[in-house]
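Visitor: For reference, the file final_32.cif (mmCIF, C-alpha atoms) is included below:
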```
data_run
#
loop_
_atom_site.label_atom_id
_atom_site.label_comp_id
_atom_site.auth_asym_id
_atom_site.auth_seq_id
_atom_site.Cartn_x
_atom_site.Cartn_y
_atom_site.Cartn_z
CA MET A 29 0.00 0.00 0.00
CA CYS A 30 1.72 3.19 -1.19
CA LEU A 31 0.88 6.68 0.12
CA GLU A 32 2.27 9.93 -1.21
CA ALA A 33 2.86 11.73 2.03
CA LYS A 34 4.40 10.48 5.27
CA ASP A 35 2.25 12.86 7.30
CA ILE A 36 -0.80 10.80 6.34
CA PHE A 37 0.72 7.96 8.30
CA GLU A 38 1.58 10.17 11.25
CA ASN A 39 -1.90 11.71 11.40
CA ARG A 40 -4.00 8.66 10.66
CA ALA A 41 -2.15 5.41 11.27
CA SER A 42 -2.55 5.62 15.03
CA LYS A 43 -6.29 5.45 14.50
CA TYR A 44 -5.92 1.93 13.14
CA GLU A 45 -3.05 0.69 15.30
CA MET A 46 -3.71 -1.51 18.29
CA ARG A 47 -1.90 -0.58 21.46
CA ASP A 48 0.65 -3.20 22.42
CA THR A 49 -0.80 -4.45 25.70
CA ARG A 50 1.01 -7.80 25.77
CA TYR A 51 3.10 -6.84 28.77
CA GLU A 52 0.78 -4.38 30.51
CA VAL A 53 -0.62 -5.35 33.89
CA ILE A 54 -2.94 -3.55 36.28
CA ALA A 55 -2.60 -4.25 40.01
CA TYR A 56 -5.05 -3.50 42.82
CA THR A 57 -3.34 -3.77 46.20
CA ASP A 58 -4.53 -3.61 49.78
CA GLY A 59 -3.42 -4.23 53.34
CA ALA A 60 -5.22 -4.21 56.67
CA SER A 61 -4.51 -4.56 60.37
CA ARG A 62 -7.09 -5.22 63.06
CA GLY A 63 -5.73 -3.28 65.99
CA ASN A 64 -2.86 -1.40 64.29
CA PRO A 65 -0.75 -3.17 65.33
CA GLY A 66 -2.68 -6.43 65.32
CA PRO A 67 -3.54 -9.38 63.08
CA SER A 68 -2.70 -8.27 59.54
CA ALA A 69 -3.04 -9.34 55.93
CA ALA A 70 -1.94 -8.05 52.54
CA GLY A 71 -3.10 -8.86 49.04
CA PHE A 72 -3.40 -7.97 45.38
CA ILE A 73 -5.35 -8.61 42.22
CA LEU A 74 -3.63 -8.54 38.82
CA THR A 75 -5.61 -8.02 35.62
CA ASP A 76 -4.76 -7.34 32.00
CA THR A 77 -5.95 -4.20 30.22
CA ASN A 78 -9.18 -5.94 29.23
CA GLY A 79 -10.04 -6.58 32.87
CA THR A 80 -9.30 -10.30 32.72
CA GLN A 81 -8.08 -11.50 36.11
CA LEU A 82 -4.57 -12.95 35.97
CA GLN A 83 -3.93 -13.53 39.68
CA ALA A 84 -5.57 -12.79 43.01
CA LYS A 85 -3.82 -13.58 46.29
CA ALA A 86 -3.83 -12.48 49.91
CA PHE A 87 -1.35 -13.29 52.67
CA PHE A 88 -1.81 -13.48 56.43
CA ILE A 89 1.28 -11.74 57.83
CA GLY A 90 0.74 -12.04 61.56
CA HIS A 91 1.00 -9.16 64.05
CA ASN A 92 1.80 -5.94 62.15
CA THR A 93 0.75 -2.36 61.51
CA ASN A 94 -1.60 -1.21 58.77
CA ASN A 95 1.25 0.53 56.91
CA VAL A 96 3.34 -2.63 56.89
CA ALA A 97 0.36 -4.52 55.50
CA GLU A 98 -0.21 -1.93 52.75
CA TYR A 99 3.45 -2.04 51.70
CA THR A 100 3.53 -5.82 51.83
CA GLY A 101 0.56 -5.84 49.46
CA ILE A 102 2.29 -3.71 46.85
CA VAL A 103 5.59 -5.60 47.15
CA LYS A 104 3.79 -8.93 46.64
CA ALA A 105 1.95 -7.48 43.62
CA LEU A 106 5.16 -6.20 42.03
CA GLU A 107 6.88 -9.55 42.48
CA ALA A 108 3.93 -11.39 40.92
CA ALA A 109 3.76 -8.97 37.98
CA LYS A 110 7.47 -9.44 37.27
CA LYS A 111 7.07 -13.19 37.43
CA ILE A 112 4.46 -13.23 34.65
CA GLY A 113 6.60 -11.02 32.41
CA ALA A 114 4.95 -7.62 32.87
CA LYS A 115 6.91 -4.66 31.53
CA LYS A 116 4.36 -1.91 32.12
CA LEU A 117 2.46 -1.67 35.37
CA THR A 118 -0.27 0.49 36.85
CA VAL A 119 -0.91 0.04 40.58
CA PHE A 120 -4.07 1.21 42.33
CA THR A 121 -4.04 1.46 46.13
CA ASP A 122 -6.54 2.93 48.59
CA SER A 123 -3.64 4.05 50.81
CA GLU A 124 -3.12 7.70 49.99
CA LEU A 125 -0.01 7.78 52.19
CA LEU A 126 1.61 4.88 50.30
CA ALA A 127 0.81 6.42 46.90
CA LYS A 128 2.32 9.78 47.88
CA GLN A 129 5.42 8.17 49.39
CA ILE A 130 6.04 6.02 46.32
CA ASN A 131 5.60 9.06 44.07
CA GLY A 132 8.01 11.14 46.16
CA GLU A 133 5.42 13.56 47.58
CA TYR A 134 5.92 12.44 51.19
CA LYS A 135 9.06 11.22 52.92
CA VAL A 136 9.15 7.83 54.61
CA LYS A 137 9.86 8.50 58.26
CA SER A 138 9.01 5.10 59.77
CA GLU A 139 12.01 2.83 60.20
CA GLN A 140 9.61 -0.10 60.17
CA ILE A 141 8.34 0.46 56.63
CA ARG A 142 11.50 1.94 55.09
CA PRO A 143 12.89 -1.49 53.99
CA LEU A 144 9.55 -2.35 52.35
CA PHE A 145 9.43 1.08 50.71
CA GLN A 146 12.93 0.59 49.29
CA GLN A 147 12.05 -2.90 48.10
CA ALA A 148 9.00 -1.51 46.31
CA ILE A 149 11.01 1.29 44.67
CA ASP A 150 13.78 -1.10 43.56
CA THR A 151 11.26 -3.49 42.02
CA LEU A 152 9.33 -0.71 40.29
CA ARG A 153 12.56 0.40 38.61
CA GLU A 154 12.75 -3.00 36.91
CA PHE A 155 9.63 -2.16 34.86
CA GLU A 156 9.89 -0.15 31.65
CA ASN A 157 7.00 2.02 32.75
CA TRP A 158 5.03 2.22 36.00
CA LYS A 159 2.40 4.29 37.77
CA VAL A 160 1.09 4.15 41.33
CA ARG A 161 -2.28 5.83 41.82
CA HIS A 162 -4.52 6.39 44.83
CA VAL A 163 -8.16 5.31 44.56
CA THR A 164 -10.97 5.44 47.08
CA ARG A 165 -11.83 2.23 48.92
CA ASP A 166 -15.08 1.72 47.01
CA LYS A 167 -12.98 1.32 43.84
CA ASN A 168 -10.74 -1.26 45.48
CA LYS A 169 -13.45 -3.57 46.82
CA GLU A 170 -12.17 -6.85 45.39
CA ALA A 171 -8.67 -6.52 46.85
CA ASP A 172 -10.17 -5.38 50.18
CA LYS A 173 -12.50 -8.41 50.19
CA LEU A 174 -9.62 -10.79 49.53
CA VAL A 175 -7.53 -9.32 52.35
CA ASN A 176 -10.43 -9.62 54.78
CA GLN A 177 -10.81 -13.29 53.85
CA ALA A 178 -7.16 -13.87 54.78
CA LEU A 179 -7.72 -12.03 58.07
CA ASN A 180 -10.84 -14.02 58.92
CA LEU A 181 -9.17 -17.36 58.14
CA GLU A 182 -5.76 -16.30 59.48
CA GLN A 183 -4.13 -17.94 56.46
CA ASP A 184 -3.15 -17.18 52.88
CA VAL A 185 -5.94 -17.29 50.32
CA GLU A 186 -6.12 -17.30 46.54
CA GLY A 187 -8.95 -15.70 44.60
CA LYS A 188 -11.09 -17.93 42.46
CA PRO A 189 -11.97 -17.18 38.82
CA THR A 190 -15.51 -15.97 38.19
CA ALA A 191 -18.15 -18.53 37.23
CA ALA A 192 -18.09 -17.20 33.67
CA ALA A 193 -14.35 -17.77 33.41
CA LEU A 194 -14.66 -21.29 34.77
CA ASN A 195 -17.24 -22.14 32.12
CA LYS A 196 -15.03 -21.04 29.23
CA LYS A 197 -13.25 -24.04 27.83
CA PRO A 198 -9.92 -23.19 26.17
CA ILE A 199 -10.00 -23.56 22.39
CA ARG A 200 -7.64 -26.17 21.02
CA LEU A 201 -5.09 -24.83 18.54
CA GLY A 202 -3.24 -26.70 15.84
CA VAL A 203 -0.17 -24.66 14.87
CA LEU A 204 1.50 -25.21 11.49
CA ILE A 205 5.14 -24.11 11.21
CA SER A 206 8.00 -24.39 8.73
CA GLY A 207 10.79 -22.51 10.52
CA GLY A 208 11.93 -21.09 13.84
CA GLY A 209 8.58 -21.12 15.63
CA THR A 210 8.69 -17.48 16.77
CA THR A 211 4.95 -17.04 16.19
CA LEU A 212 4.26 -20.23 18.15
CA MET A 213 6.36 -18.97 21.08
CA ASN A 214 4.51 -15.64 21.07
CA ILE A 215 1.16 -17.44 21.25
CA LEU A 216 2.45 -19.64 24.09
CA ASP A 217 3.53 -16.51 26.00
CA TYR A 218 -0.01 -15.13 25.78
CA ILE A 219 -1.47 -18.43 26.97
CA LYS A 220 0.96 -18.72 29.92
CA GLN A 221 0.20 -15.16 31.00
CA GLY A 222 -3.53 -15.91 31.04
CA ARG A 223 -4.21 -13.48 28.18
CA LEU A 224 -5.46 -16.07 25.71
CA ASN A 225 -8.00 -18.75 26.57
CA ALA A 226 -6.42 -21.45 24.42
CA GLU A 227 -4.14 -24.48 24.44
CA VAL A 228 -1.83 -25.79 21.73
CA ALA A 229 -3.09 -29.31 21.01
CA ILE A 230 -0.57 -30.11 18.26
CA VAL A 231 2.27 -28.57 16.27
CA ILE A 232 2.73 -29.74 12.69
CA CYS A 233 6.01 -28.87 10.99
CA SER A 234 6.78 -29.27 7.27
CA ARG A 235 10.52 -29.57 7.96
CA SER A 236 12.27 -31.90 10.37
CA THR A 237 15.45 -29.94 11.14
CA VAL A 238 14.21 -26.39 11.86
CA THR A 239 14.58 -24.86 15.32
CA GLY A 240 10.81 -24.53 15.74
CA VAL A 241 10.60 -28.31 16.24
CA GLU A 242 13.04 -28.20 19.15
CA LYS A 243 11.31 -25.18 20.71
CA ALA A 244 7.93 -26.90 20.53
CA ARG A 245 9.23 -30.11 22.07
CA ASN A 246 11.05 -28.21 24.81
CA ALA A 247 7.73 -26.54 25.61
CA GLY A 248 6.20 -29.99 26.09
CA LEU A 249 4.03 -29.82 22.98
CA LYS A 250 3.00 -32.68 20.75
CA VAL A 251 4.92 -32.35 17.45
CA LYS A 252 4.30 -34.11 14.15
CA ILE A 253 6.58 -33.81 11.12
CA VAL A 254 4.61 -33.82 7.86
CA ARG A 255 6.88 -33.12 4.88
CA LYS A 256 5.34 -32.42 1.48
CA LYS A 257 8.09 -34.37 -0.32
CA ASP A 258 7.08 -37.55 1.51
CA PHE A 259 3.72 -37.68 -0.29
CA PRO A 260 2.93 -38.36 -3.96
CA ASP A 261 0.75 -35.27 -4.37
CA VAL A 262 -0.81 -32.33 -2.56
CA ASP A 263 -4.03 -34.25 -1.96
CA GLU A 264 -2.30 -36.94 0.10
CA PHE A 265 -0.21 -34.31 1.87
CA SER A 266 -3.37 -32.39 2.79
CA LYS A 267 -5.19 -35.51 3.97
CA ARG A 268 -2.36 -36.30 6.36
CA ILE A 269 -2.46 -32.79 7.83
CA GLU A 270 -6.23 -33.00 8.18
CA GLY A 271 -5.93 -36.38 9.88
CA GLU A 272 -3.48 -35.08 12.47
CA LEU A 273 -5.67 -32.05 13.20
CA VAL A 274 -8.82 -34.13 13.57
CA ALA A 275 -7.04 -36.66 15.82
CA ALA A 276 -5.94 -33.78 18.07
CA ASP A 277 -9.50 -32.40 18.19
CA VAL A 278 -8.36 -28.99 16.94
CA ASP A 279 -10.83 -26.08 16.99
CA LEU A 280 -8.67 -23.55 15.14
CA VAL A 281 -5.67 -24.00 12.87
CA VAL A 282 -3.01 -21.30 13.13
CA GLN A 283 -0.38 -21.01 10.39
CA GLY A 284 2.77 -19.45 11.83
CA GLY A 285 5.51 -19.21 9.24
CA TRP A 286 3.95 -22.10 7.30
CA LEU A 287 5.29 -22.19 3.73
CA CYS A 288 3.33 -25.04 2.16
CA LEU A 289 0.10 -24.76 0.23
CA TRP A 290 -2.34 -27.46 1.35
CA LYS A 291 -5.93 -28.06 0.44
CA ILE A 292 -8.12 -26.89 3.27
CA PRO A 293 -11.02 -29.34 3.72
CA ALA A 294 -14.61 -28.17 4.12
CA ARG A 295 -14.62 -29.04 7.82
CA TYR A 296 -12.01 -26.31 8.39
CA ASP A 297 -13.66 -23.51 6.39
CA ASN A 298 -13.08 -20.27 8.30
CA ARG A 299 -11.14 -22.22 10.91
CA VAL A 300 -7.64 -21.79 9.46
CA MET A 301 -5.82 -18.50 10.11
CA ASN A 302 -2.68 -17.13 8.51
CA ILE A 303 -0.63 -14.01 9.13
CA HIS A 304 1.00 -12.16 6.25
CA PRO A 305 3.77 -9.55 6.74
CA ALA A 306 2.06 -6.83 4.68
CA LEU A 307 -1.27 -5.07 4.44
CA LEU A 308 -3.21 -7.34 2.11
CA PRO A 309 -4.37 -7.27 -0.61
CA SER A 310 -1.08 -5.50 -1.41
CA PHE A 311 2.14 -7.54 -1.63
CA GLY A 312 0.49 -10.94 -1.42
CA GLY A 313 0.39 -14.07 -3.56
CA GLN A 314 2.75 -16.86 -4.47
CA GLY A 315 6.40 -16.02 -3.80
CA MET A 316 5.50 -13.14 -1.49
CA TRP A 317 6.86 -14.29 1.85
CA GLY A 318 9.53 -13.16 4.31
CA HIS A 319 12.17 -10.81 2.97
CA HIS A 320 10.59 -10.87 -0.51
CA VAL A 321 7.62 -8.93 0.89
CA HIS A 322 9.71 -6.31 2.67
CA GLU A 323 11.98 -5.82 -0.34
CA ALA A 324 8.91 -5.20 -2.50
CA VAL A 325 7.44 -2.74 0.01
CA LEU A 326 10.68 -0.73 0.10
CA ALA A 327 11.09 -0.85 -3.68
CA ALA A 328 7.60 0.58 -4.09
CA GLY A 329 8.37 3.49 -1.78
CA CYS A 330 5.56 2.72 0.63
CA LYS A 331 5.19 4.89 3.71
CA ILE A 332 3.36 2.31 5.81
CA SER A 333 3.41 -1.45 6.01
CA GLY A 334 2.20 -3.90 8.61
CA CYS A 335 0.58 -7.29 8.86
CA THR A 336 -2.72 -8.98 8.08
CA VAL A 337 -4.40 -11.88 9.85
CA HIS A 338 -6.92 -13.60 7.58
CA PHE A 339 -8.86 -16.80 7.21
CA CYS A 340 -7.26 -19.07 4.62
CA THR A 341 -8.71 -20.32 1.37
CA ASN A 342 -7.04 -22.57 -1.17
CA GLU A 343 -5.31 -19.58 -2.76
CA TYR A 344 -2.19 -17.83 -1.54
CA ASP A 345 -2.95 -14.89 0.77
CA LYS A 346 -6.63 -14.82 -0.07
CA GLY A 347 -9.53 -15.14 2.33
CA PRO A 348 -11.47 -12.81 4.63
CA ILE A 349 -9.34 -10.30 6.54
CA ILE A 350 -9.74 -10.48 10.32
CA VAL A 351 -7.22 -8.02 11.79
CA GLN A 352 -4.63 -5.63 10.38
CA GLN A 353 -1.89 -3.78 12.23
CA ALA A 354 -0.02 -0.89 10.62
CA CYS A 355 3.54 0.28 11.20
CA GLU A 356 5.73 3.02 9.76
CA VAL A 357 8.22 2.51 6.94
CA LYS A 358 11.27 4.66 7.66
CA ASN A 359 13.56 6.23 5.06
CA SER A 360 16.52 4.37 6.59
CA ASP A 361 14.81 0.96 6.58
CA THR A 362 16.38 -2.18 5.18
CA PRO A 363 14.34 -5.35 4.62
CA GLU A 364 15.71 -6.59 7.95
CA THR A 365 14.77 -3.54 10.03
CA LEU A 366 11.33 -3.36 8.44
CA ALA A 367 10.82 -7.07 9.07
CA ALA A 368 11.61 -6.58 12.77
CA ARG A 369 9.06 -3.77 13.07
CA VAL A 370 6.40 -5.76 11.22
CA PHE A 371 7.02 -8.75 13.47
CA GLU A 372 6.29 -6.56 16.51
CA ALA A 373 2.93 -5.81 14.88
CA GLU A 374 2.36 -9.53 14.23
CA CYS A 375 2.91 -10.31 17.91
CA ILE A 376 -0.06 -8.06 18.70
CA ALA A 377 -2.38 -8.87 15.83
CA TYR A 378 -2.31 -12.68 15.82
CA PRO A 379 -3.28 -13.22 19.49
CA GLN A 380 -6.01 -10.62 19.07
CA ALA A 381 -7.47 -12.50 16.11
CA ILE A 382 -7.31 -15.82 17.99
CA ARG A 383 -8.99 -14.22 21.00
CA LEU A 384 -11.81 -12.87 18.81
CA PHE A 385 -12.34 -16.38 17.41
CA ALA A 386 -12.29 -17.93 20.90
CA GLU A 387 -14.91 -15.43 22.08
CA GLY A 388 -17.17 -16.22 19.11
CA LYS A 389 -16.98 -12.67 17.79
CA LEU A 390 -16.07 -13.42 14.16
CA ASN A 391 -18.83 -13.72 11.59
CA VAL A 392 -18.01 -14.30 7.91
CA GLN A 393 -20.56 -12.94 5.46
CA GLU A 394 -20.01 -12.71 1.70
CA GLY A 395 -16.27 -13.02 2.02
CA LYS A 396 -15.92 -10.38 4.73
CA VAL A 397 -15.37 -10.75 8.47
CA GLU A 398 -17.70 -8.88 10.77
CA ILE A 399 -16.46 -8.46 14.34
CA LYS A 400 -19.40 -8.70 16.68
CA ALA A 401 -19.73 -6.07 19.38
CA LYS A 402 -20.22 -7.29 22.91
CA GLU A 403 -23.93 -7.67 23.57
CA SER A 404 -25.20 -5.60 26.46
CA ALA A 405 -28.12 -6.40 28.73
CA TRP A 406 -30.05 -3.60 27.01
CA ASP A 407 -29.56 -5.32 23.63
CA THR A 408 -31.33 -8.36 25.05
CA VAL A 409 -34.10 -6.54 26.91
CA MET A 410 -35.00 -3.94 24.27
CA PRO A 411 -36.49 -6.37 21.68
CA LEU A 412 -38.67 -7.89 24.43
CA LEU A 413 -39.98 -4.45 25.44
CA ILE A 414 -40.75 -3.54 21.82
CA ALA A 415 -42.58 -6.84 21.32
CA LYS A 416 -44.60 -6.22 24.45
CA LEU A 417 -45.58 -2.72 23.34
CA ARG A 418 -46.77 -4.02 19.98
CA ARG A 419 -49.22 -6.49 21.53
#
```
Could you write out this structure as structure tokens?
Guide:
Amino acid sequence: MCLEAKDIFENRASKYEMRDTRYEVIAYTDGASRGNPGPSAAGFILTDTNGTQLQAKAFFIGHNTNNVAEYTGIVKALEAAKKIGAKKLTVFTDSELLAKQINGEYKVKSEQIRPLFQQAIDTLREFENWKVRHVTRDKNKEADKLVNQALNLEQDVEGKPTAAALNKKPIRLGVLISGGGTTLMNILDYIKQGRLNAEVAIVICSRSTVTGVEKARNAGLKVKIVRKKDFPDVDEFSKRIEGELVAADVDLVVQGGWLCLWKIPARYDNRVMNIHPALLPSFGGQGMWGHHVHEAVLAAGCKISGCTVHFCTNEYDKGPIIVQQACEVKNSDTPETLAARVFEAECIAYPQAIRLFAEGKLNVQEGKVEIKAKESAWDTVMPLLIAKLRR
């Protein structure tokens, strides 16, 4: 896609770009002491930017002051956020004193909490970006509730997922690879962090010696090698792939650096996704993969590039577009530097497309994907009210 002026990208591209929230975590922290000093507990709740709960824990910490409990809560939250790979963190606490001390507005005078304060500051510095904000107690109810449970039981407690979350069965993915497995590893990261309700049921690789095979096996995944040259024709090759997918009870097939054309059977219509390192329909088709795409984008003088996630058909780079993510093409770019920037976009776009599928939000009509908006209670009630009025 070629544009005449770079300022079009600067003024408009951000409208279409998705914020990279892979490593963003929100923490709600709390601490309480009954007696001050007295029996105390500290806790936290971690969520992603969509509000999905990642962790919820509270700790009974014995006889302590309220301030010690509040600081213990934030320290525990920071440690948990680091452990799941967070790079950007926003902390909400109902302790105004703690928030002002962390932000340098008040000095820490208590010798008792100074070590915890320093531990919190040192850990915060390990994040690329962080914020600590004060909120009123009514906006921190869940963390407060968890801490009170630990106090009542006088033991550590762990928050339970909501009933809705428990009822959501992870979708089973079949991932097709032909190379290093970087897309597979990115998807696994999302799953491990609780950001994607999915599991990788099988990995099928078209080459036996690529590093993606080793990565998949090291991750404990089931791996099958299905090489095109081992079959007399594409039909037999495709049947073998289909057989492996069916045996693994796969819900969605994800092509991640897959370089073989195979015939997608009817049972997998609109259930096979691919990601292309350009903004389709530009720079697609047979032979347009990897560095070939980026060389063509630079040769054409394009000002923006990006990636496209689409459902696959039995043609190269055809099929309904699900998600696109744009990125800038710089004057100094080489195919390698552009490829690195596009891959950053891919790491955002692919999990988003898989999540939309898992949530049942993708509807294909006349070759186009419609992304369903989340239905509100009013959307359900309104038709009933209208029907009642018409009686």
Visitor: Please enumerate the residues selected by the PyMOL selection byres ((chain A and resi 62-69) around 8) when evaluated against the supplied file, formatted as an NGL selection string.
Guide: :A and (59-61 or 70-71 or 86-94 or 97 or 175-176 or 178-179)
Visitor: Apply the PyMOL selection byres ((chain A and resi 339) around 9) to the file shown and report the selected residues as a ChimeraX atom specification.
Guide: /A:297-303,337-338,340-341,345-350,397
Visitor: Might you pull out every residue within 10 Å of Ile149 of chain A, with all atoms listed in the file counted and same-chain residues fewer than 6 positions away left off, and present them as a list in words?
Guide: Val103, Leu106, Ile130, Asn131 and Pro143 of chain A
Visitor: Using the chain letters and numbers from this file, what does the PyMOL selection byres ((chain A and resi 359) around 10) select? Give the answer as a JSON list (two decimals) with C-alpha atoms, in the coordinates of the input.
Guide:
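Result saved to part18.json:
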```json
[["chain", "number", "residue", "atom", "x", "y", "z"],
["A", 326, "LEU", "CA", 10.68, -0.73, 0.10],
["A", 329, "GLY", "CA", 8.37, 3.49, -1.78],
["A", 330, "CYS", "CA", 5.56, 2.72, 0.63],
["A", 331, "LYS", "CA", 5.19, 4.89, 3.71],
["A", 356, "GLU", "CA", 5.73, 3.02, 9.76],
["A", 357, "VAL", "CA", 8.22, 2.51, 6.94],
["A", 358, "LYS", "CA", 11.27, 4.66, 7.66],
["A", 360, "SER", "CA", 16.52, 4.37, 6.59],
["A", 361, "ASP", "CA", 14.81, 0.96, 6.58],
["A", 362, "THR", "CA", 16.38, -2.18, 5.18]]
```
Visitor: May I ask which of the residues A:Val203, A:Leu125, A:Trp290, A:Ala114 is the closest one to Phe265 of chain A, counting all atoms listed in the file?
Guide: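 Smallest distance to Phe265 of chain A is found for A:Trp290.
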